[in-house]
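Notes for the one structure printed next.
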Amino acid sequence: MKISVRNLEPTKVKLTITVDPEEFDPYLNEARKEIGKQINVPGFRKGHVPGKVIDTRVGFGAVAGEAVNQGVPELYSKALEEKKIRPMAQPEFDVQDVPASAKDDTKLKFTATVERRPDIELPELDGMTIDVPAAAVTDEDITKRLDSLRQRFATLVGVDRPAAKGDYANIDLDAQIDGKSVDSQEGVSYELGSGTMLDGLDEALEGLSAGEETTFEGTLEAGEHEGEKAQIKVKVNSVKAEELPELDDDFAQEASEYDTLDELKADVRKAAEQDAKGRQATEARDAFLAKLQEGLDIPVPKGVKAELLEQQLKNNGVDATKATKEQKDEAEKEVEKELRDQIVLDTLAEKLDVKVSQMDVTNFLASIAQQYGMDPSAFINAIVRNGQLGSAVQEVGRSKGMLAGMRAVSFTSDGQPLDLSEFLGDTPENEEEESVEAASAAAAVADELSNDKDAE
């Protein structure tokens, strides 16, 4: 097999692959066998029809077509391996020459155009030291956590004053278009400042007392007149404010398993310190990735970037065709970072000779299924059916590479050694332990990304 490679872009290549007849013959023979299982030829048992008879019966063109369909992807994969090209997208095939008969010496020739992972030179991990901020917990952090806990036990009490942000108003709504009521609701409880209903409602309610009403213009967000402008009349029936319980021993006993407020505060501080350590580990991961990319020019594949950009906008609830420049710029920045991180982690995994086993992938997918409350077997089967197994293998490889890489460097905080073994684990003694760690790390990353998107 002869392979020539032409670089079209820093991340895009065109392979021209010419296959000798002796390499293509096995695919022709396999195609004849498959066709022979599907046709009936008098005088021969199904599946035992000679190749020459198959060629005559269905035509060599049909045989060659089946052989091309089966052979081209396999031959393409062999060419990638030989030339050490790592694809980041599906290829575009163009079959140029195919033998016209069994005696034709014409060689199978096809091209494959594909976006590839760029070649980058990562720095050596040996001797690398990375400093990250301290995992600090302030009194303000504790106060915020206690206030959040108090809000869970808060009560609503009626107040005789104008409504303000954070209050709960019981309201009646009536939407009118051209003086005709098109939608109305009564006795709706709404938290001012939450922004969970109509645009303009918060501004209209603020300053109103029980028994008062006003009218504002808004856009209807549901129903027959969705998207239309309407005059919306809102009446306030009552205003209630949130009353938080006092921070004392009684509250500690009601809100927790502790008898005193001091015990509750100590537990809250302990939880805050653990969360701070988790954030510090995340900062260490980000700093590690940034260190690997320091001084590197990492081009990203244009086609892959375009697809991810459209998906990113969709995930953000934005139609790509209607996105503003600011929305596109922000999404593009996120996509480019994601792709560069992937390229670096894939290169790192290759550099460290990371191996991904079946157990690795199974544990990873099972952990993701558990995270979303799904049956692991059904989830894994769905991944396989949808052709997403390769992506799962890549994710596990990246996670294992990241863990191995972070174990190989030194971390400090304010100049003092930082022990991250609680999050990275010790160097695994066996494959099963490593696969569990990799699955946990990958699931944690997925969970964090999900939380980041929710926060946005």
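Starting from 1 in every chain, residues are counted up; chains themselves are A, B, ... following the order of the structure tokens, and ligands are numbered from 1 as listed.
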> Do you know which residues are at most 10 Å from Ala204 of chain A counting only C-alpha atoms, after dropping those on the same chain fewer than 5 positions away, and could you put them as a ChimeraX atom specification?
Replying inline: /A:192,199,213-217,232-234
>> I need the helix (DSSP H, G or I) residues of segment 215-313 of chain A per DSSP on the backbone, written as an MDAnalysis selection string.
In response: chainID A and resid 249:255 261:293 302:313
Close residues, segment 24-27 of chain A itself excluded, 10 Å, only C-alpha atoms, min 4 positions apart in chain, as a PDB file with C-alpha atoms, in the first residue's frame:
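Output contents, as saved in result.pdb:
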```
ATOM      1  CA  MET A   1       0.000   0.000   0.000  1.00  0.00           C
ATOM      2  CA  VAL A  19      -3.651  -0.400  -2.797  1.00  0.00           C
ATOM      3  CA  ASP A  20      -1.823  -3.247  -4.546  1.00  0.00           C
ATOM      4  CA  ALA A  31     -17.331  -9.576  -0.552  1.00  0.00           C
ATOM      5  CA  ARG A  32     -17.991 -12.641  -2.722  1.00  0.00           C
ATOM      6  CA  LYS A  33     -18.621 -14.737   0.400  1.00  0.00           C
ATOM      7  CA  VAL A  63     -18.469  -7.308  -5.824  1.00  0.00           C
ATOM      8  CA  ALA A  64     -15.913  -4.501  -6.077  1.00  0.00           C
ATOM      9  CA  GLU A  66     -18.965  -4.218  -1.562  1.00  0.00           C
ATOM     10  CA  ALA A  67     -15.210  -4.731  -1.205  1.00  0.00           C
ATOM     11  CA  VAL A  68     -14.599  -0.986  -1.391  1.00  0.00           C
ATOM     12  CA  ASN A  69     -17.241  -0.300   1.284  1.00  0.00           C
ATOM     13  CA  GLN A  70     -15.602  -2.785   3.628  1.00  0.00           C
ATOM     14  CA  GLY A  71     -11.976  -2.216   2.699  1.00  0.00           C
ATOM     15  CA  VAL A  72     -11.592   1.539   2.451  1.00  0.00           C
ATOM     16  CA  LEU A  75      -7.152   0.549   4.828  1.00  0.00           C
ATOM     17  CA  PRO A  99     -10.462  -2.523 -10.942  1.00  0.00           C
ATOM     18  CA  ALA A 102     -11.009  -9.791 -11.773  1.00  0.00           C
ATOM     19  CA  LYS A 107      -5.059  -0.578  -8.384  1.00  0.00           C
ATOM     20  CA  LEU A 108      -7.646   0.619  -5.896  1.00  0.00           C
TER      21      LEU A 108
END
```
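Nearest residue to Glu273 of chain A among A:Thr412, A:Thr347, A:Thr138, A:Ser101 is A:Thr138, counting only C-alpha atoms.
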>> Please report the interatomic distance between atom CA of Leu264 of chain A and atom CA of Gln280 of chain A in Å with one decimal.
In response: 24.2 Å
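In terms of minimum interatomic distance to Glu395 of chain A, A:Gln342 ranks closest within A:Gln176, A:Ser256, A:Gln342, A:Ser77, counting only C-alpha atoms.
Proximity ranking of A:Tyr168, A:Tyr258, A:Phe364, A:Phe251 relative to Val236 of chain A places A:Tyr168 first, based on only C-alpha atoms.
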> Using only C-alpha atoms, which residue out of A:Ala100, A:Lys337, A:Phe44, A:Thr18 lies closest to Gly65 of chain A?
Replying inline: A:Ala100
> So which residues of segment 133-320 of chain A fall under strand (DSSP E or B) by DSSP, listed as a ChimeraX atom specification?
Replying inline: /A:155-158,168-177,180-191,213-219,229-243
>> Need to verify the contact set: Asp414 of chain A, 9 Å, only C-alpha atoms, exclusion of same-chain residues closer than 5 positions in sequence. Can you return it as a ChimeraX atom specification?
In response: /A:131-134
Store the residues picked out above in a file with all heavy atoms, as a short mmCIF file (atom, residue, chain, number, x, y, z; two decimals), in the first residue's frame.
```
data_model
loop_
_atom_site.label_atom_id
_atom_site.label_comp_id
_atom_site.auth_asym_id
_atom_site.auth_seq_id
_atom_site.Cartn_x
_atom_site.Cartn_y
_atom_site.Cartn_z
N ASP A 131 2.56 26.20 41.50
CA ASP A 131 2.03 26.80 42.73
C ASP A 131 0.57 27.20 42.52
O ASP A 131 0.21 27.76 41.47
CB ASP A 131 2.85 28.04 43.12
CG ASP A 131 2.54 28.48 44.54
OD1 ASP A 131 2.96 27.78 45.48
OD2 ASP A 131 1.88 29.53 44.71
N VAL A 132 -0.26 26.89 43.50
CA VAL A 132 -1.69 27.23 43.44
C VAL A 132 -2.08 27.97 44.71
O VAL A 132 -1.43 27.84 45.75
CB VAL A 132 -2.56 25.97 43.26
CG1 VAL A 132 -2.28 25.30 41.93
CG2 VAL A 132 -2.34 24.98 44.39
N PRO A 133 -3.14 28.77 44.65
CA PRO A 133 -3.57 29.53 45.83
C PRO A 133 -3.94 28.61 47.00
O PRO A 133 -4.32 27.45 46.81
CB PRO A 133 -4.80 30.30 45.32
CG PRO A 133 -4.63 30.36 43.85
CD PRO A 133 -3.94 29.08 43.46
N ALA A 134 -3.84 29.16 48.20
CA ALA A 134 -4.18 28.39 49.40
C ALA A 134 -5.68 28.13 49.47
O ALA A 134 -6.49 28.89 48.91
CB ALA A 134 -3.72 29.16 50.64
#
```
> Hey, which of A:Leu309, A:Leu261, A:Leu403, A:Leu418 ends up closest to Lys333 of chain A? Count only C-alpha atoms.
Replying inline: A:Leu309
